[in-house]
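Visitor: Attaching a single structure in structure tokens format; questions to follow.
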Amino acid sequence: MLAFALPPKSEENTEFVARRLNDTTEGDGVNETVTVEWHGRPLHVGVIDMPLRDVYYNPATHRIRAQRNHDPLLARALEEDPWQPESQEYLDRLLRGRPANPDETDPDFEALMESLRSVDQQEPGLMTHEGILVNGNTRAAALRQLGRSSIRVGVLPRSFTWDDINAVELTLQLRPDKRRDYSYINRLIAMEEQELMGRDAVDIARDFHIQLRTFKQERWILSVIRDMIERSATPDGAQLALSDFEGHQENLKELHRTYAKVAASSQEKAERVKENRMAAIVLDFAKTKTRVIGEDFQGNYLEGSLPDLFEAGGPSEQSPAGIAIPGLSVAVAPPTDPVVRARSVTDQILRARATESSRHLPDPVREAAQREIVTAQKGMRRALDAAERDDRLKKVRQTTAERLDDARAAIDQSVNDLVQALGSNSLDEASFDSALLRVRGSLAKLARQASRGVSTRGDGVTWLIKASED
């Protein structure tokens, strides 16, 4: 749980807020209040106009928790002193940016600015007496961009702690009528935080409006992401961030489903699938491509397409003592050679991606890493394309057999129909004869194709070809 010291203007803000609240209670007009849920009960707090120059962005907000390490140097300064101008400017930038790339303005933020420009602020935010925004951080950033001088905020009780602030923010975000969701990774972090506080998984799932199995899936996914981030660290300080995994939600969910299915029969194969798919995800391949990565993908396709990466790692790399199963406090036996090789390739790709995206490494170093990524993408694409081709051929073969089974079932039904027609003397012999000729023509065409393309002729194919020649 993140917690910080009070901001430098906390005493001044506390006095100012007390006066403003006092003015609203002693005035002749109707006092404006906003209601928040607190420990399952409604809490009504007074609303005031607060100068934007005196409010602070909340450094613990879940809104941009995954994006905090987007710039490692500024993130370090944020940890040391979140109230200094540089840190507050960094928070402002993150609040305006896209979750997957904070350097770009989020279209949702632009839509919020347009709404505030045309209809002004409809709902008050929430703030502590010290001026720390609990809800409304993004609105404050938008109002500042529009050149506004104040923001309407409800003021929480002075007794509120950082734990209280985090709980209120989360409660507001999880309301069914919420207007803007947390980004995917920030939701995962919020769930993790709730579990670390000791809350029961069933209660957390209910609060997030998801099923328990979905909660367990999300916790598994975050543990895998954290593992990938740790493994991406390079000697020169580059490392991937949580925000680098934004935008891969469906890919990661499909990975979990496949992992669980394969792990039911083989933990080793499941680990290999996980490593191969994570390598493809980090290389930015969509789930429509990565879903062909199965138990045999590495041996049949990937090793031949990325020989340099597999040779660079090789089986001699020291393997971990055991494989930790994400989301569980147990480990299985040390990985076998194929898993070690898969991890080695994934690690090389992770480190290259971290180096390429680093802001503080020399251009030549980043360019070299970018070339590694391009090479890995080309090799991965070759492997995926080959797997897709084989998968299509397999499906075609299966479809051909299934269609013949359907034809057999239709003929069996025709036998019954023929018996009934003969018994009732109602058979249309001319139509029956014409239909048989059409069947013979179709079988002849099937025989011609089978004789050209089927290399190993079983009894069925042999019979078909011979029958068409008679």
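So you can find residues: chains in the structure tokens are A, B, ... in the order shown, residues in each start at 1, and ligands are numbered from 1 in order.
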Excluding region 166-170 of chain A and its own-chain neighbours fewer than 4 positions away, which residues fall within 12 Å of it when counting only C-alpha atoms? Please give them as a PyMOL selection string.
Guide: chain A and resi 1-3+35-43+58-63+65+125-128+132-137+156-157+160-162+174-175+178+181-182+186-187+189-191+193-194+197+204+207-208
Visitor: For region 281-291 of chain A, list every protein, DNA or RNA residue within 8 Å, evaluated using only C-alpha atoms, and leave out those in the same chain fewer than 3 positions away; present the list as a PyMOL selection string.
Guide: chain A and resi 248+250-251+254-255+277-278+294+349-350+353+373+376-377+384
Visitor: Based on DSSP run over this structure's backbone, return all residues of region 6-111 of chain A in helix (DSSP H, G or I), as a VMD selection string.
Guide: chain A and resid 10 to 26 52 to 54 62 to 70 72 to 80 85 to 96 107 to 111
Visitor: Excluding region 77-91 of chain A and its own-chain neighbours fewer than 6 positions away, which residues fall within 8 Å of it when counting only C-alpha atoms? Please give them as a VMD selection string.
Guide: chain A and resid 4 7 to 8 56 to 57 59
Visitor: Would you save the residues from that selection as a PDB file, in the first residue's frame, using N, CA and C atoms?
Guide:
ATOM      1  N   PHE A   4       2.355   8.367   1.694  1.00  0.00           N
ATOM      2  CA  PHE A   4       3.311   9.459   1.543  1.00  0.00           C
ATOM      3  C   PHE A   4       3.127  10.471   2.665  1.00  0.00           C
ATOM      4  N   PRO A   7       1.764  17.019   1.947  1.00  0.00           N
ATOM      5  CA  PRO A   7       2.359  18.015   1.051  1.00  0.00           C
ATOM      6  C   PRO A   7       2.745  19.290   1.803  1.00  0.00           C
ATOM      7  N   PRO A   8       3.611  20.113   1.211  1.00  0.00           N
ATOM      8  CA  PRO A   8       4.122  21.309   1.906  1.00  0.00           C
ATOM      9  C   PRO A   8       3.047  22.334   2.253  1.00  0.00           C
ATOM     10  N   TYR A  56      -3.256  18.983  -5.071  1.00  0.00           N
ATOM     11  CA  TYR A  56      -2.178  18.069  -5.451  1.00  0.00           C
ATOM     12  C   TYR A  56      -2.780  16.818  -6.083  1.00  0.00           C
ATOM     13  N   TYR A  57      -2.128  16.368  -7.148  1.00  0.00           N
ATOM     14  CA  TYR A  57      -2.498  15.062  -7.679  1.00  0.00           C
ATOM     15  C   TYR A  57      -2.113  13.993  -6.659  1.00  0.00           C
ATOM     16  N   PRO A  59      -0.468  10.844  -5.616  1.00  0.00           N
ATOM     17  CA  PRO A  59       0.568   9.949  -6.157  1.00  0.00           C
ATOM     18  C   PRO A  59       0.229   8.474  -5.994  1.00  0.00           C
TER      19      PRO A  59
END
Visitor: Please provide the set of residues having any atom within 12 Å of Val454 (chain A), restricted to only C-alpha atoms, with same-chain residues fewer than 6 positions apart removed, written as number ranges by chain.
Guide: A: 397, 446-448, 460-462, 464-465
Visitor: Let me make sure I understand: among A:Ala450, A:Ala386, A:Leu21, A:Leu172, which one has the smallest atom-to-atom distance to Val292 (chain A) if we use only C-alpha atoms?
Guide: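 Looking at the shortest contact to Val292 (chain A), the residue is A:Ala386.
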Visitor: Measure the distance from CA of Met50 (chain A) to CA of Gly154 (chain A) in Å and round it to one decimal.
Guide: 9.7 Å
Visitor: Restricting the calculation to only C-alpha atoms: of A:Asp244, A:Glu218, A:Asn276, A:Gln173, which residue gets closest to His256 (chain A)?
Guide: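 The closest residue to His256 (chain A) is A:Glu218.
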Visitor: When distances are computed from only C-alpha atoms, which of A:Asp236, A:Asp54, A:Asp428, A:Asp106 shows the smallest separation from Ser358 (chain A)?
Guide: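 Going through A:Asp236, A:Asp54, A:Asp428, A:Asp106 one by one, the smallest distance to Ser358 (chain A) is for A:Asp236.
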Visitor: Mind listing the strand (DSSP E) residues of region 143-241 of chain A, per DSSP on the backbone, as a VMD selection string?
Guide: chain A and resid 150 to 155
Visitor: Applying 12 Å and only C-alpha atoms, which residues near Leu112 (chain A) remain after dropping the ones on its own chain fewer than 3 positions away? List them as a list in words.
Guide: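 After dropping sequence-adjacent residues, the list is Leu95, Arg96, Thr105, Asp106, Pro107, Asp108, Phe109, Ser115, Leu116, Arg117, Ser118, Val119, Asp120, Gln121, Gln122, Gly136, Thr138, Arg139, Ala140, Ala141, Ala142, Leu143, Gln145, Leu146, Arg179 and Arg180 of chain A.
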